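Trainee: Sharing a structure below in structure tokens format, with a few things to ask.
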Amino acid sequence: MRFAVHVEVSPLEGIADPEGETIERALPALGFEGVRHVRLGKVVRFEMDADDAERAEERAVEMCRRLLANPVIEQADVSVAALGDRRQGSDLGL
């Protein structure tokens with residue numbers, strides 16, 4: 001089966017996020033008041049072949065541990081959805 005995998009990587013609570021802080025300070029100057037706790041991260045999307053959703057998630061979590069996120073300063077949230085009969089290399093549409 002083919003699965004769409006969506007990984008959101010963000011700084012752990014308590015870890016400095018200078019980019020997020022800069023955005024938070026700049027928003028009021030652009031007329032966006034009341035925005036708080038801005039955290040900047042990254043999103044990684046890909047397709048993966050696996051026997052089932054559980055195995056796809058296990059593999060994606062291992063990818064996060066080994067490459068996609070730094071577990072010392074970042075957290076990774078993984079979501080997996082079955083794609084059905086979509087062609088390889090197609091847009092994930094997430």
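Every chain in the structure tokens has a letter given in the order shown (A, B, ...), and although residue numbers restart at 1 in each chain, ligands are simply numbered from 1 in the order shown.
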Give me the residues near region 30-41 of chain A as a list in words, where near means some atom within 10 Å (using only C-alpha atoms) and where sequence neighbours in that chain fewer than 2 positions away do not count.

Mentor: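 The residues that qualify are Glu8, Val9, Ser10, Pro11, Leu12, Glu13, Ala16, Asp17, Pro18, Glu19, Gly20, Glu21, Thr22, Ile23, Glu24, Arg25, Ala26, Leu27, Pro28, Val43, Glu74, Gln75 and Ala76 of chain A.
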
Trainee: Taking the backbone alone, and naming residues the way the document does, which bits of chain A are strand (DSSP E or B) by DSSP, as a PyMOL selection string?

Mentor: chain A and resi 2-11+42-49+74-82

Trainee: Separation of CA of Arg59 (chain A) and CA of Val44 (chain A), in Å?

Mentor: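 CA of Arg59 (chain A) sits 14.1 Å away from CA of Val44 (chain A).
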
Trainee: Which residue, A:Val7, A:Ala53, A:Arg2, A:Gly14, has the smallest gap to Val72 (chain A) when you use only C-alpha atoms?

Mentor: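 The shortest atom-to-atom distance to Val72 (chain A) comes from A:Gly14.
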
Trainee: Using only C-alpha atoms, which residues sit within 10 Å of Asp52 (chain A) once same-chain residues fewer than 5 positions away are excluded, as a PyMOL selection string?

Mentor: chain A and resi 1-3+57+82

Trainee: Measuring atom to atom with only C-alpha atoms, identify which of A:Ala60, A:Val78, A:Ala29, A:Val5 is nearest to Arg45 (chain A).

Mentor: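 Result for the nearest residue to Arg45 (chain A): A:Val5.
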
Trainee: Let's see if you can do this: from backbone DSSP, list all alpha helix (DSSP H) residues in region 27-57 of chain A, as a short mmCIF file (atom, residue, chain, number, x, y, z; two decimals) with C-alpha atoms, in the first residue's frame.

Mentor:
data_model
loop_
_atom_site.label_atom_id
_atom_site.label_comp_id
_atom_site.auth_asym_id
_atom_site.auth_seq_id
_atom_site.Cartn_x
_atom_site.Cartn_y
_atom_site.Cartn_z
CA ALA A 53 -0.54 2.39 8.30
CA GLU A 54 1.07 1.24 11.55
CA ARG A 55 4.24 0.14 9.75
CA ALA A 56 4.31 3.36 7.70
CA GLU A 57 4.09 5.43 10.89
#

Trainee: With only C-alpha atoms as the basis for distance, which of A:Ala4, A:Asp49, A:Glu62, A:Lys42 is at the shortest distance from Ser79 (chain A)?

Mentor: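 Going through A:Ala4, A:Asp49, A:Glu62, A:Lys42 one by one, the smallest distance to Ser79 (chain A) is for A:Ala4.
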
Trainee: What is the distance between CA of Pro71 (chain A) and CA of Ala50 (chain A), in Å to one decimal?

Mentor: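 It comes out at 24.4 Å.
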